[in-house]
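Inspection log for the structure reproduced underneath, given as structure tokens.
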Amino acid sequence: MAADKPTPRRRGSDRRRRPRGKDGPVKGEGSTLSYYALLIATLALLAFGLIMVFSVQSVTTAAEGGNAFTAFTKYLAFAAVGLVGMVVLSRLPLRALKRLAWPALLLAFALQLLVFVPGIGIDVYGNRNWIALPAGLGTAQPSEFIKLGLCLYLGATVSARRDAFLGGVNSWPKFARFGGWILLPAGIGIGLVMAGGDLGTVIVLTALVAGALWLGGLGWRWFAALGLVGMVGFAGASMLSANRRARILAWLHPERYDPLDVGYQPLHGRYALGTGGWWGVGPGSSRQKWGYLTQADSDYIFAVLGEEFGLVGTLLVILLFAVVGWCCLRIIRRSDSLYAAVVVGGIMTWIVGQALINMSVVVGLLPVLGVPLPLISAGGSALVSVLFAVGVLLAFARNEPGAPEALRSRSGAVRRTLAVIAPRRRKRV
């Protein structure tokens with residue numbers, strides 16, 4: 001028998017960066033492993049988040065004279081919307097996700113512009129990055145949806161122009177065309193958020209774009225040049241703001257700053273982690289959430305989690321985020337699609353990178369940046385956008401080699417089992 005001819009690789013595909021390991025399916029490797037591991041890790045993180053949000057809000061809402069159960073019910077509504085959207089997006093074919101790129105990005109930009117409209121936009125701690133929702137639903141943060149819109153847009157645009165992108169952006173005319181289609185929309189999104197003063201979200205958006213383009217195959221010279229521009233911009237934005245400058249200096253020299261002022265929040269975050277020990281003080285028994293941590297349900301919820309569940313609980317959460325990152329890398333490795341690499345790479349950098357930033361701030365490895373912990377911190381729009389992003393990841397996982405057939409066979413087996421069980425129950429009745 002003649003040997004099979006090697007399958008020709010697509011032009012430019014060798015420029016795409018992949019995780020280490022053999023590309024494509026490997027013998028003995030589960031075809032649905034990415035799908036189920038990602039789904040279980042996401043639901044586990046969501047469960048942790050719901051527990052922690054209720055634990056903190058049961059104190060903070062009651063202290064403000066409100067009903068903790070009413071507030072938590074509203075948050076559950078956001079979680080339900082996110083889960084429904086996750087299921088719907090996970091069932092969409094990849095070509096439908098490509099068509100959603102432009103509408104999703106333009107809608108996110110339009111919502112972000114509303115933060116500058118008087119009477120609609122809301123200023124919180126000097127950042128104008130929220131809008132008021134009708135019917136007493138609270139507020140929403142449109143910049144969270146820019147993250148997902150950029151991931152979908154970058155994937156569709158880079159894959160549509162793969163020859164110019166992977167062929168090497170080695171001249172100024174090529175770079176100008178590349179910047180017009182890719183960097184300009186990304187710059188608009190980042191600029192709109194920066195105009196509202198939310199530097200933490202800007203950092204996440206910049207990292208997202210960088211991760212997507214790096215896994216898409218952007219040349220390292222241009223990547224380094226853009227990174228240098230980003231670092232200069234971050235330094236300028238930090239030094240021009242007295243509040244940001246004080247937080248950075250308090251991080252560098254904590255002994256010089258008043259622990260009752262700018263150093264207050266980081267200090268009490270570490271108090272919470274230290275109090276938790278190995279196993280924690282127990283669910284709902286945190287002391288720092290009683291008015292000591294002013295951002296206990298958002299930026300510093302990881303500290304309360306460490307206090308109530310201890311080192312074991314924090315390591316479990318870190319492990320779950322590591323599973324999410326591993327699933328993303330596995331999806332990229334098993335796919336021969338540049339589109340999948342860019343979209344999944346962007347979402348991975350967003351979710352896992354933002355989690356690393358948040359946890360690093362809490363333990364003192366980074367200055368306070370105001371970045372919430374995905375799926376754990378309170379915030380309806382943030383929760384919905386992350387669950388939507390997970391739905392996109394699940395859609396790619398469902399299209400891994402062998403996964404569609406395996407998922408169809410399992411769903412068929414469940415239906416046949418139910419068909420056999422149901423008549424027996426009727427006979428017994």
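By order in the structure tokens, chains are A, B, ...; within a chain, residues start at 1; ligands start at 1, following the order shown.
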### Task
Please provide as a PyMOL selection string all residues within 10 Å of Val368 (chain A), with the sequence filter that same-chain residues fewer than 6 positions apart are discarded (counting only C-alpha atoms).
chain A and resi 200+244+247-248+250-251+262-263+265-266+299-300+357-358+360-362
Between region 187-251 of chain A and region 140-149 of chain A, at 8 Å or less, what are the per-residue closest atom pairs and their distances in Å? Count only C-alpha atoms, order by chain and rising residue number, and return it as a Markdown table.
```
| residue | atom | partner | partner_atom | distance |
| --- | --- | --- | --- | --- |
| A:Gly189 | CA | A:Ile146 | CA | 6.7 |
| A:Val193 | CA | A:Ser143 | CA | 6.5 |
| A:Thr201 | CA | A:Ser143 | CA | 7.5 |
| A:Leu205 | CA | A:Lys147 | CA | 6.3 |
| A:Leu208 | CA | A:Lys147 | CA | 7.6 |
```
### Message
List the spatial neighbours of Ile120 (chain A) as an MDAnalysis selection string - criterion: any atom at most 7 Å away, only C-alpha atoms, same-chain residues fewer than 4 positions off excluded.
### Response
chainID A and resid 114:115 131:132
Selected residues, N, CA, C and O atoms, written as a compact mmCIF listing (two decimals), in the first residue's frame, please.
```txt
# COMPACT_ATOMS: atom_id res chain seq x y z
N LEU A 114 -22.30 56.10 25.76
CA LEU A 114 -23.37 56.55 26.66
C LEU A 114 -22.84 57.01 28.02
O LEU A 114 -23.52 57.76 28.72
N VAL A 115 -21.64 56.55 28.39
CA VAL A 115 -21.11 56.96 29.71
C VAL A 115 -20.80 58.46 29.74
O VAL A 115 -20.69 59.04 30.81
N ILE A 131 -23.05 53.14 33.22
CA ILE A 131 -24.32 53.75 32.81
C ILE A 131 -25.43 53.22 33.72
O ILE A 131 -25.34 52.10 34.23
N ALA A 132 -26.45 54.04 33.94
CA ALA A 132 -27.57 53.65 34.78
C ALA A 132 -28.54 52.80 33.98
O ALA A 132 -28.90 53.14 32.84
```
#### Entry: Residue with smallest distance to Thr42 (chain A) - pool A:Phe321, A:Trp326, A:Trp220, A:Trp350, counting only C-alpha atoms
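Among the listed residues, A:Phe321 lies closest to Thr42 (chain A).
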### Task
Find the spatial neighbours of Val363 (chain A), counting only C-alpha atoms, within a cut-off of 9 Å - ignore same-chain residues fewer than 6 positions away - and output them as a list in words.
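Residues meeting the cut-off are Pro266, Gly269, Arg270, Leu273 and Ala303 of chain A.
Of the residues listed (A:Gly380, A:Gly280, A:Pro401, A:Pro134), A:Gly380 shows the shortest atom-to-atom separation from Phe78 (chain A); distances use only C-alpha atoms.
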### Task
Name the residues of region 108-339 of chain A that fall into alpha helix (DSSP H) according to DSSP on the backbone, using the chain letters and numbers of this document, as a PyMOL selection string.
chain A and resi 108-113+143-160+162-166+172-178+184-195+199-216+220-240+242-252+264-276+301-333+338-339
### Task
Just the residues within 10 Å of Ile51 (chain A), please, counting only C-alpha atoms, with nothing from its chain fewer than 4 positions along; format it as a PyMOL selection string.
chain A and resi 45-47+55-56+283-284+305+376
### Query
Which neighbours of Gly345 (chain A) fall inside 7 Å, counting only C-alpha atoms, when residues of the same chain fewer than 4 positions from it are skipped, and could you give them as a ChimeraX atom specification?
/A:211-212,215,341,349
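When the distance limit is 12 Å and only C-alpha atoms are what count, the residues near Gly191 (chain A), minus those fewer than 2 positions from it on the same chain, are Phe109, Gln112, Leu113, Ser143, Ile146, Leu183, Leu184, Pro185, Ala186, Gly187, Ile188, Gly189, Val193, Met194, Ala195, Gly196, Gly197, Asp198, Leu199, Thr201, Val202, Ile203, Leu205, Thr206 and Gly233 of chain A.
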### Which of A:Val204, A:Ser159, A:Val384, A:Arg128 sits closest to Gly353 (chain A) [using only C-alpha atoms]
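Checking each of A:Val204, A:Ser159, A:Val384, A:Arg128 against Gly353 (chain A), counting only C-alpha atoms, the winner is A:Val204.
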